[in-house]
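Trainee: Structure file input.cif (mmCIF, C-alpha atoms) is given on the next line.
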```
data_query
loop_
_atom_site.label_atom_id
_atom_site.label_comp_id
_atom_site.auth_asym_id
_atom_site.auth_seq_id
_atom_site.Cartn_x
_atom_site.Cartn_y
_atom_site.Cartn_z
CA MET A 1 27.01 16.66 2.97
CA ASN A 2 30.00 14.30 2.99
CA ALA A 3 29.81 10.57 3.69
CA LEU A 4 30.96 10.89 7.31
CA ASN A 5 28.35 13.52 8.03
CA ILE A 6 25.64 11.41 6.39
CA VAL A 7 26.49 8.48 8.66
CA GLU A 8 26.41 10.78 11.70
CA TYR A 9 23.13 12.39 10.59
CA THR A 10 21.39 9.06 9.96
CA HIS A 11 22.56 7.57 13.24
CA THR A 12 21.28 10.65 15.06
CA LEU A 13 17.86 10.13 13.49
CA GLY A 14 18.01 6.48 14.57
CA ALA A 15 18.98 7.25 18.17
CA GLN A 16 16.24 9.88 18.45
CA ALA A 17 13.66 7.50 17.00
CA LYS A 18 14.71 4.70 19.37
CA ALA A 19 14.32 6.99 22.39
CA ALA A 20 10.96 8.26 21.14
CA SER A 21 9.70 4.72 20.51
CA ALA A 22 9.95 3.90 24.22
CA GLN A 23 7.74 6.88 25.04
CA MET A 24 5.29 6.04 22.25
CA ALA A 25 4.94 2.45 23.50
CA ARG A 26 3.81 3.85 26.89
CA ALA A 27 1.42 6.45 25.46
CA SER A 28 -2.25 6.07 26.31
CA ALA A 29 -4.90 5.54 23.66
CA ALA A 30 -6.41 8.94 24.51
CA THR A 31 -3.08 10.74 24.02
CA LYS A 32 -2.49 9.11 20.64
CA SER A 33 -6.03 9.98 19.58
CA ARG A 34 -5.46 13.63 20.55
CA ALA A 35 -2.42 13.74 18.30
CA LEU A 36 -4.34 12.22 15.38
CA LEU A 37 -7.28 14.62 15.76
CA ALA A 38 -4.87 17.55 16.00
CA LEU A 39 -3.19 16.41 12.78
CA ALA A 40 -6.56 16.15 10.98
CA ARG A 41 -7.40 19.71 12.10
CA LEU A 42 -4.00 21.07 11.02
CA LEU A 43 -4.31 19.47 7.58
CA ARG A 44 -7.63 21.20 7.00
CA GLU A 45 -6.45 24.54 8.39
CA ASN A 46 -3.35 24.50 6.18
CA THR A 47 -4.82 23.14 2.92
CA ALA A 48 -4.07 26.30 0.92
CA ALA A 49 -0.54 26.65 2.31
CA LEU A 50 0.17 22.98 1.64
CA GLN A 51 -0.84 23.40 -1.99
CA ASP A 52 1.61 26.30 -2.27
CA ASP A 53 4.37 24.04 -0.91
CA ASN A 54 3.24 21.28 -3.25
CA ALA A 55 3.59 23.66 -6.22
CA LEU A 56 7.30 23.99 -5.35
CA ASP A 57 7.57 20.31 -6.28
CA LEU A 58 5.04 20.16 -9.12
CA VAL A 59 6.53 22.95 -11.24
CA PRO A 60 10.06 21.49 -11.50
CA ALA A 61 8.66 17.96 -11.85
CA GLN A 62 6.69 18.97 -14.93
CA ALA A 63 9.56 21.05 -16.28
CA ASN A 64 11.91 18.08 -15.91
CA GLY A 65 9.57 15.82 -17.87
CA LEU A 66 8.36 13.59 -15.04
CA SER A 67 5.76 11.19 -16.46
CA ALA A 68 2.08 12.08 -16.14
CA PRO A 69 1.30 9.20 -13.71
CA MET A 70 4.20 10.27 -11.48
CA VAL A 71 3.09 13.91 -11.51
CA ASP A 72 -0.42 12.73 -10.63
CA ARG A 73 0.97 10.86 -7.63
CA LEU A 74 2.85 13.97 -6.56
CA ARG A 75 -0.20 16.24 -6.49
CA LEU A 76 -1.70 17.31 -3.12
CA THR A 77 -5.25 18.28 -4.07
CA PRO A 78 -7.82 19.37 -1.47
CA LYS A 79 -9.47 15.97 -1.98
CA VAL A 80 -6.19 14.13 -1.22
CA LEU A 81 -5.64 16.23 1.91
CA GLU A 82 -9.22 15.70 3.07
CA THR A 83 -8.79 11.94 2.62
CA CYS A 84 -5.65 12.16 4.78
CA ALA A 85 -7.56 14.09 7.45
CA LEU A 86 -10.42 11.60 7.39
CA GLY A 87 -7.92 8.76 7.74
CA CYS A 88 -6.48 10.40 10.86
CA GLU A 89 -9.96 10.78 12.34
CA GLN A 90 -10.88 7.20 11.47
CA LEU A 91 -7.73 5.96 13.21
CA ALA A 92 -8.40 8.13 16.25
CA VAL A 93 -11.72 6.43 17.02
CA MET A 94 -10.58 2.90 16.27
CA PRO A 95 -9.87 0.56 19.21
CA ASP A 96 -6.29 0.63 20.47
CA VAL A 97 -4.87 -2.85 19.97
CA ILE A 98 -1.64 -2.18 21.88
CA GLY A 99 -1.57 -4.26 25.07
CA GLU A 100 -4.39 -6.50 23.90
CA ILE A 101 -3.93 -10.11 25.05
CA VAL A 102 -5.28 -12.85 22.80
CA GLY A 103 -5.48 -16.64 22.92
CA MET A 104 -5.03 -16.99 26.70
CA LYS A 105 -5.28 -20.72 27.52
CA GLN A 106 -4.83 -22.74 30.70
CA GLN A 107 -2.13 -25.41 30.42
CA PRO A 108 -2.00 -28.75 32.32
CA SER A 109 0.82 -27.34 34.48
CA GLY A 110 -1.49 -24.62 35.77
CA ILE A 111 0.12 -21.72 33.90
CA ARG A 112 -1.91 -19.60 31.49
CA VAL A 113 -0.29 -18.72 28.14
CA GLY A 114 -1.38 -16.03 25.69
CA GLN A 115 0.00 -13.37 23.37
CA MET A 116 0.15 -9.60 23.82
CA ARG A 117 0.16 -7.18 20.90
CA VAL A 118 3.01 -4.67 21.15
CA PRO A 119 4.54 -2.01 18.86
CA ILE A 120 7.33 -3.10 16.51
CA GLY A 121 9.47 -0.18 17.73
CA VAL A 122 11.00 1.88 14.94
CA PHE A 123 10.22 1.50 11.26
CA GLY A 124 11.85 3.20 8.33
CA MET A 125 9.68 4.20 5.39
CA ILE A 126 11.26 4.84 1.98
CA TYR A 127 8.87 6.08 -0.69
CA GLU A 128 8.62 8.00 -3.93
CA SER A 129 6.36 10.70 -5.34
CA ARG A 130 3.26 10.47 -3.15
CA PRO A 131 3.59 13.05 -0.35
CA ASN A 132 0.31 11.87 1.21
CA VAL A 133 2.29 8.78 2.29
CA THR A 134 3.96 11.07 4.85
CA ILE A 135 0.61 11.48 6.61
CA GLU A 136 -0.45 7.86 6.18
CA ALA A 137 2.83 6.59 7.64
CA ALA A 138 2.88 9.15 10.44
CA SER A 139 -0.73 8.55 11.49
CA LEU A 140 -0.33 4.78 11.54
CA SER A 141 2.93 5.10 13.44
CA ILE A 142 1.22 7.23 16.09
CA LYS A 143 -1.78 4.91 16.43
CA SER A 144 0.39 1.79 16.69
CA GLY A 145 2.69 3.32 19.29
CA ASN A 146 5.79 3.21 17.10
CA ALA A 147 8.36 5.76 16.02
CA CYS A 148 9.27 6.16 12.36
CA ILE A 149 11.89 7.67 10.09
CA LEU A 150 10.47 8.79 6.74
CA ARG A 151 12.52 9.23 3.59
CA GLY A 152 10.46 10.56 0.69
CA GLY A 153 11.62 11.16 -2.86
CA SER A 154 13.62 14.25 -3.82
CA GLU A 155 10.83 15.22 -6.21
CA ALA A 156 8.46 15.74 -3.21
CA ILE A 157 10.83 17.26 -0.66
CA ALA A 158 9.03 20.60 -0.18
CA SER A 159 5.63 18.89 0.19
CA ASN A 160 6.99 16.30 2.62
CA GLN A 161 8.77 18.91 4.75
CA ALA A 162 5.56 20.93 5.05
CA LEU A 163 3.52 17.88 6.05
CA ALA A 164 6.16 16.67 8.51
CA ARG A 165 6.10 20.04 10.27
CA LEU A 166 2.37 19.62 10.85
CA VAL A 167 2.90 16.08 12.18
CA GLN A 168 5.46 17.27 14.70
CA GLN A 169 3.19 20.15 15.71
CA ALA A 170 0.36 17.66 16.37
CA LEU A 171 2.68 15.40 18.40
CA THR A 172 3.82 18.33 20.52
CA GLU A 173 0.23 19.50 21.11
CA ALA A 174 -0.64 16.04 22.44
CA GLY A 175 2.43 15.85 24.69
CA LEU A 176 4.18 13.20 22.62
CA PRO A 177 7.85 13.34 21.53
CA GLU A 178 8.39 15.25 18.30
CA HIS A 179 11.05 12.72 17.26
CA ALA A 180 8.39 10.01 17.11
CA VAL A 181 8.03 10.98 13.44
CA GLN A 182 11.13 12.27 11.65
CA LEU A 183 11.52 13.16 8.00
CA VAL A 184 14.94 12.83 6.39
CA GLN A 185 15.65 16.43 5.42
CA ILE A 186 18.33 15.75 2.79
CA THR A 187 17.90 14.11 -0.60
CA ASP A 188 21.29 12.36 -0.84
CA ARG A 189 20.66 8.71 -1.77
CA GLU A 190 23.38 7.55 0.60
CA VAL A 191 20.93 8.15 3.45
CA VAL A 192 18.86 5.20 2.18
CA GLY A 193 21.89 2.93 2.31
CA GLN A 194 22.49 3.96 5.92
CA LEU A 195 18.85 3.72 6.99
CA ILE A 196 18.44 0.14 5.80
CA ALA A 197 21.62 -0.97 7.57
CA MET A 198 20.95 0.16 11.15
CA PRO A 199 19.44 -2.83 12.99
CA GLU A 200 20.48 -1.27 16.28
CA TYR A 201 17.92 1.50 15.67
CA VAL A 202 15.48 0.33 12.96
CA ASP A 203 13.30 -2.76 13.39
CA VAL A 204 11.73 -2.96 9.93
CA ILE A 205 11.99 -1.15 6.58
CA ILE A 206 8.95 -0.49 4.39
CA PRO A 207 9.78 0.57 0.81
CA ARG A 208 7.02 2.01 -1.35
CA GLY A 209 7.92 3.00 -4.87
CA GLY A 210 9.24 1.71 -8.16
CA LYS A 211 10.41 -1.82 -8.73
CA GLY A 212 14.06 -0.77 -8.92
CA LEU A 213 13.93 0.92 -5.51
CA ILE A 214 12.27 -2.04 -3.85
CA GLU A 215 14.61 -4.59 -5.42
CA ARG A 216 17.62 -2.58 -4.24
CA ILE A 217 16.33 -2.30 -0.69
CA SER A 218 15.35 -5.98 -0.53
CA ARG A 219 18.85 -6.90 -1.73
CA GLU A 220 20.86 -4.58 0.51
CA ALA A 221 18.82 -4.22 3.72
CA LYS A 222 20.21 -5.57 6.98
CA VAL A 223 16.83 -5.30 8.69
CA PRO A 224 13.53 -7.05 7.77
CA VAL A 225 11.61 -5.60 4.80
CA ILE A 226 7.83 -5.44 4.20
CA LYS A 227 7.39 -4.99 0.46
CA HIS A 228 5.52 -5.38 -2.78
CA LEU A 229 7.32 -5.09 -6.09
CA ASP A 230 4.47 -4.11 -8.41
CA GLY A 231 0.73 -4.26 -8.92
CA ASN A 232 -0.21 -6.43 -11.90
CA CYS A 233 -3.86 -6.84 -10.85
CA HIS A 234 -6.42 -8.94 -12.76
CA THR A 235 -10.15 -8.77 -13.33
CA TYR A 236 -11.70 -12.02 -14.56
CA VAL A 237 -15.14 -11.96 -16.21
CA ASP A 238 -16.68 -15.39 -15.62
CA ASP A 239 -19.30 -17.52 -17.31
CA PRO A 240 -21.97 -16.92 -16.03
CA CYS A 241 -21.97 -13.24 -15.02
CA ASP A 242 -24.11 -10.12 -14.98
CA LEU A 243 -22.73 -8.51 -18.13
CA ALA A 244 -23.87 -4.96 -17.31
CA MET A 245 -22.26 -5.18 -13.88
CA ALA A 246 -19.11 -6.69 -15.37
CA VAL A 247 -18.72 -3.78 -17.79
CA LYS A 248 -19.22 -1.24 -14.98
CA VAL A 249 -16.77 -2.91 -12.60
CA ALA A 250 -14.09 -3.70 -15.21
CA ASP A 251 -14.26 -0.08 -16.39
CA ASN A 252 -13.83 1.25 -12.84
CA ALA A 253 -11.03 -1.18 -12.06
CA LYS A 254 -9.01 0.15 -15.01
CA THR A 255 -10.01 3.75 -15.68
CA SER A 256 -11.06 5.37 -12.39
CA LYS A 257 -7.36 6.19 -11.95
CA TYR A 258 -4.43 4.80 -13.93
CA SER A 259 -1.54 5.42 -11.54
CA PRO A 260 -2.41 3.36 -8.41
CA CYS A 261 -1.01 -0.12 -7.85
CA ASN A 262 -4.57 -1.48 -7.37
CA ALA A 263 -5.75 -0.58 -10.89
CA SER A 264 -6.45 -3.64 -13.03
CA GLU A 265 -3.76 -4.12 -15.65
CA SER A 266 -5.10 -7.37 -17.13
CA LEU A 267 -8.58 -8.45 -18.14
CA LEU A 268 -9.43 -12.14 -18.49
CA VAL A 269 -12.73 -13.13 -20.12
CA ALA A 270 -14.43 -16.53 -20.21
CA ARG A 271 -14.87 -17.72 -23.79
CA ALA A 272 -18.63 -18.28 -23.43
CA VAL A 273 -19.31 -14.59 -22.64
CA ALA A 274 -16.47 -12.99 -24.65
CA ALA A 275 -18.52 -12.29 -27.79
CA GLN A 276 -21.01 -10.23 -25.75
CA PHE A 277 -18.69 -8.70 -23.17
CA LEU A 278 -15.62 -7.67 -25.17
CA PRO A 279 -17.34 -5.35 -27.69
CA ALA A 280 -19.17 -3.66 -24.79
CA ILE A 281 -16.07 -3.04 -22.65
CA GLY A 282 -14.06 -2.32 -25.80
CA ALA A 283 -16.36 0.59 -26.64
CA VAL A 284 -15.88 2.00 -23.14
CA PHE A 285 -12.10 1.69 -23.33
CA ALA A 286 -12.02 3.14 -26.86
CA ALA A 287 -13.99 6.19 -25.72
CA LYS A 288 -11.48 6.75 -22.90
CA GLY A 289 -8.40 6.23 -25.05
CA VAL A 290 -7.31 2.97 -23.42
CA GLU A 291 -4.99 0.87 -25.57
CA MET A 292 -5.99 -2.81 -25.61
CA ARG A 293 -3.23 -5.39 -25.96
CA GLY A 294 -5.02 -8.62 -26.65
CA CYS A 295 -4.60 -12.26 -27.55
CA ALA A 296 -5.63 -13.20 -31.11
CA GLU A 297 -9.09 -14.34 -30.01
CA SER A 298 -9.86 -11.14 -28.09
CA LEU A 299 -8.57 -8.93 -30.90
CA ALA A 300 -10.86 -10.67 -33.39
CA LEU A 301 -13.87 -9.87 -31.19
CA LEU A 302 -12.76 -6.24 -30.73
CA GLN A 303 -12.09 -5.49 -34.42
CA GLY A 304 -15.48 -3.88 -34.98
CA VAL A 305 -15.23 -1.42 -32.07
CA ALA A 306 -15.02 2.13 -33.42
CA GLY A 307 -11.87 3.99 -32.39
CA ALA A 308 -10.35 1.00 -30.61
CA GLN A 309 -6.57 1.05 -30.17
CA LEU A 310 -5.71 -2.62 -30.66
CA VAL A 311 -2.25 -4.18 -30.32
CA ALA A 312 -1.23 -7.84 -30.30
CA ALA A 313 -0.15 -8.80 -26.79
CA THR A 314 3.34 -10.16 -26.19
CA GLU A 315 4.36 -12.59 -23.45
CA GLN A 316 5.67 -9.62 -21.44
CA ASP A 317 2.25 -7.95 -21.47
CA TRP A 318 0.78 -10.65 -19.22
CA SER A 319 3.22 -9.61 -16.46
CA GLU A 320 3.20 -5.85 -17.02
CA GLU A 321 2.20 -3.09 -14.56
CA TYR A 322 1.36 -0.26 -16.97
CA LEU A 323 0.22 2.54 -14.63
CA ALA A 324 -1.18 4.04 -17.84
CA PRO A 325 -4.24 3.79 -20.14
CA ILE A 326 -3.18 0.35 -21.41
CA ILE A 327 -4.70 -3.02 -20.53
CA SER A 328 -3.89 -6.58 -21.57
CA ILE A 329 -6.84 -8.79 -22.55
CA LYS A 330 -7.00 -12.57 -22.84
CA VAL A 331 -9.85 -14.98 -23.56
CA VAL A 332 -9.72 -18.08 -21.34
CA ALA A 333 -11.73 -21.29 -21.28
CA GLY A 334 -13.15 -20.63 -17.82
CA VAL A 335 -12.37 -20.24 -14.14
CA ASP A 336 -9.68 -22.95 -14.01
CA GLU A 337 -7.63 -21.37 -16.79
CA ALA A 338 -8.17 -17.90 -15.31
CA ILE A 339 -6.81 -19.01 -11.92
CA ALA A 340 -3.81 -20.73 -13.53
CA HIS A 341 -3.03 -17.62 -15.61
CA ILE A 342 -3.29 -15.32 -12.58
CA ASN A 343 -1.11 -17.49 -10.37
CA ARG A 344 1.53 -17.60 -13.11
CA TYR A 345 1.65 -13.94 -14.15
CA SER A 346 0.22 -11.91 -11.26
CA SER A 347 2.34 -9.90 -8.84
CA ALA A 348 0.14 -11.36 -6.05
CA HIS A 349 -1.43 -7.99 -5.27
CA THR A 350 -5.19 -8.00 -6.01
CA GLU A 351 -7.46 -10.07 -8.26
CA ALA A 352 -11.23 -10.00 -8.82
CA ILE A 353 -13.81 -12.39 -10.28
CA LEU A 354 -17.11 -11.11 -11.70
CA THR A 355 -19.56 -14.00 -11.58
CA THR A 356 -23.05 -15.19 -10.66
CA ASP A 357 -21.82 -18.71 -9.87
CA HIS A 358 -21.23 -19.14 -6.13
CA ARG A 359 -19.05 -22.21 -6.63
CA HIS A 360 -16.78 -20.37 -9.03
CA ALA A 361 -16.52 -17.46 -6.62
CA GLN A 362 -15.53 -19.76 -3.75
CA GLN A 363 -13.00 -21.59 -5.91
CA PHE A 364 -11.46 -18.28 -6.98
CA LEU A 365 -11.22 -17.11 -3.35
CA ARG A 366 -9.55 -20.35 -2.25
CA GLU A 367 -7.16 -20.93 -5.12
CA VAL A 368 -5.93 -17.48 -6.24
CA ASP A 369 -2.67 -16.87 -4.39
CA SER A 370 -2.76 -13.09 -3.93
CA ALA A 371 -2.88 -10.68 -1.00
CA SER A 372 -6.45 -9.52 -1.80
CA VAL A 373 -9.02 -11.61 -3.69
CA MET A 374 -12.41 -10.11 -4.56
CA VAL A 375 -15.82 -11.15 -5.85
CA ASN A 376 -18.03 -8.84 -7.93
CA THR A 377 -16.24 -5.60 -7.13
CA SER A 378 -13.40 -3.40 -8.35
CA THR A 379 -9.74 -4.07 -7.57
CA ARG A 380 -9.52 -0.34 -6.80
CA PHE A 381 -10.94 -1.13 -3.34
CA ALA A 382 -7.62 -2.76 -2.33
CA ASP A 383 -6.69 0.07 -0.03
CA GLY A 384 -6.26 0.50 3.72
CA PHE A 385 -8.76 3.36 3.95
CA GLU A 386 -11.40 1.39 2.02
CA TYR A 387 -10.73 -1.69 4.17
CA GLY A 388 -11.45 0.31 7.31
CA LEU A 389 -7.83 0.34 8.48
CA GLY A 390 -7.87 4.15 8.74
CA ALA A 391 -4.85 4.36 6.47
CA GLU A 392 -2.23 2.05 5.08
CA ILE A 393 1.53 2.03 5.26
CA GLY A 394 1.68 0.08 2.01
CA ILE A 395 0.47 -3.17 0.49
CA SER A 396 2.49 -6.28 1.23
CA THR A 397 2.67 -9.18 -1.20
CA ASP A 398 4.86 -11.16 1.19
CA LYS A 399 3.26 -14.16 2.87
CA PHE A 400 4.41 -13.67 6.44
CA HIS A 401 3.62 -11.19 9.25
CA ALA A 402 1.67 -8.70 7.12
CA ARG A 403 -0.13 -9.38 3.83
CA GLY A 404 -2.28 -7.02 1.79
CA PRO A 405 -2.89 -3.44 2.98
CA VAL A 406 -0.73 -2.93 6.08
CA GLY A 407 -2.52 -1.01 8.82
CA ILE A 408 -2.18 -0.88 12.60
CA GLU A 409 -1.81 -4.60 13.24
CA GLY A 410 0.82 -4.89 10.50
CA LEU A 411 2.96 -2.47 12.50
CA THR A 412 2.75 -4.54 15.67
CA SER A 413 4.23 -7.78 16.92
CA LEU A 414 3.03 -10.46 19.34
CA LYS A 415 4.94 -11.55 22.39
CA TYR A 416 4.02 -14.47 24.63
CA VAL A 417 2.79 -13.67 28.12
CA VAL A 418 2.62 -16.35 30.80
CA LEU A 419 0.60 -15.99 34.01
CA GLY A 420 1.16 -18.27 36.96
CA ASP A 421 0.52 -18.70 40.69
CA GLY A 422 3.75 -20.21 41.95
CA GLU A 423 3.91 -23.17 39.53
CA VAL A 424 7.32 -24.79 38.99
CA ARG A 425 8.33 -27.15 36.22
CA VAL A 426 8.91 -30.77 37.17
#
```
What do you get writing this file as structure tokens?

Mentor:
Amino acid sequence: MNALNIVEYTHTLGAQAKAASAQMARASAATKSRALLALARLLRENTAALQDDNALDLVPAQANGLSAPMVDRLRLTPKVLETCALGCEQLAVMPDVIGEIVGMKQQPSGIRVGQMRVPIGVFGMIYESRPNVTIEAASLSIKSGNACILRGGSEAIASNQALARLVQQALTEAGLPEHAVQLVQITDREVVGQLIAMPEYVDVIIPRGGKGLIERISREAKVPVIKHLDGNCHTYVDDPCDLAMAVKVADNAKTSKYSPCNASESLLVARAVAAQFLPAIGAVFAAKGVEMRGCAESLALLQGVAGAQLVAATEQDWSEEYLAPIISIKVVAGVDEAIAHINRYSSAHTEAILTTDHRHAQQFLREVDSASVMVNTSTRFADGFEYGLGAEIGISTDKFHARGPVGIEGLTSLKYVVLGDGEVRV
């Protein structure tokens, strides 16, 4: 497709989305729920066929040497599809926030002023590898009364096309416009450049992928961007703590799955518990083949662990998102040094403290400057589904509008509404 045709194609998508967004904004809660329940049913009915379509992407991805974490993200297993279906059902029964009026207050003039929650309008979603994002984005778009244009990676085109067909079938069944969710059907990268430069059609862009993609979109977009660049998440083991719990949680935070952005990439350990904790977690990591890149103090305490893969950490390791069986480890004096280290090196995604000291927990919650901050649990819970949002469109590390997992409310805006009874300003 030549450049002129790409411009025409992208603008057609934009015009169709804009028209559909007006209809979606008027749709009743019951109608949107019918679409979501239909989509959940279709996902379950078509699980086997969807895996066949997914294989059309997996086979060339593996043949072309795509990294193991990226192939893992590309895979549509029955479990992944069932999670998508459950997310649709969870969204369907959640309260509809569109039209909700909050903060209504009487003013001295007699007028009453509040804010109404309304859809953003049209959002563009640009993402890589994970085809399940097609369902997450579509379901949240439907629930929030928006329209969306989805541009997945070329490595997942067959999977995304199959899923998008089911989304449009569900929309049609519920009497909603099929153009409320549109998938870009071509893989030419020029489409991205067009999509992020159409403020007349697109109200916000949400990139979800590698750091290079997100940096490019943030630099070139002519519409607002909701983004996070990477997920350098930390788990801090405090003094005092429940050591058995700390081993269990730190293990889960790192090894339950290596590819997600909410996996812990850095482990900080208070000096007073390091001699007990590090050999215990080191044995777990060694058994699972996790490479440990540590400071000199942590490496000394890990030397006796059988089978441990130990490497001296560099300055770069403290900032690294590995997405692999590698973790950086640093011994710190205590909670103050842990907080300072996190606020310097973290990507502001998700951090956790494992502690039995309530004051330390409260200090960590107040002072760590990240989108999600946790006490005595795994960073792997930083997820829209786990937070009860039904699904997530992404995780924002920005500090305005939406922060953390972005669900329904992150895809809405507030407008002021003013109610009067003939008052005039004097």

Trainee: For Glu128 of chain A, which residue among A:Gly407, A:Gly152, A:Gly294, A:Pro108 is the nearest when counting all atoms listed in the file?

Mentor: A:Gly152

Trainee: Residues within 10 Å of segment 271-285 of chain A, please, as a VMD selection string. Count all atoms listed in the file; anything in the same chain fewer than 4 positions from it doesn't count.

Mentor: chain A and resid 237 to 244 246 to 248 250 to 251 254 to 255 267 289 to 292 297 to 310 325 to 327 329 to 334

Trainee: State, in Å with one decimal place, the distance from atom CA of Gly388 of chain A to atom CA of Lys79 of chain A.

Mentor: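 Separation between atom CA of Gly388 of chain A and atom CA of Lys79 of chain A: 18.3 Å.
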
Trainee: Quick one: distance from atom CA of Phe123 of chain A to atom CA of Gly212 of chain A in Å, one decimal?

Mentor: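 We find that atom CA of Phe123 of chain A and atom CA of Gly212 of chain A lie 20.7 Å from each other.
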
Trainee: Kindly resolve the PyMOL selection byres ((chain A and resi 137) around 10) on the present coordinates and return the residues as a list in words.

Mentor: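 On this input, the PyMOL selection byres ((chain A and resi 137) around 10) captures Phe123, Gly124, Met125, Asn132, Val133, Thr134, Ile135, Glu136, Ala138, Ser139, Leu140, Ser141, Ile142, Cys148, Ile149, Leu150, Val181, Ile206, Ala391, Glu392, Ile393, Gly394 and Gly407 of chain A.
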
Trainee: How many Å separate atom CA of Leu66 of chain A from atom CA of Ala324 of chain A?

Mentor: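 Value for the atom CA of Leu66 of chain A-atom CA of Ala324 of chain A distance: 13.8 Å.
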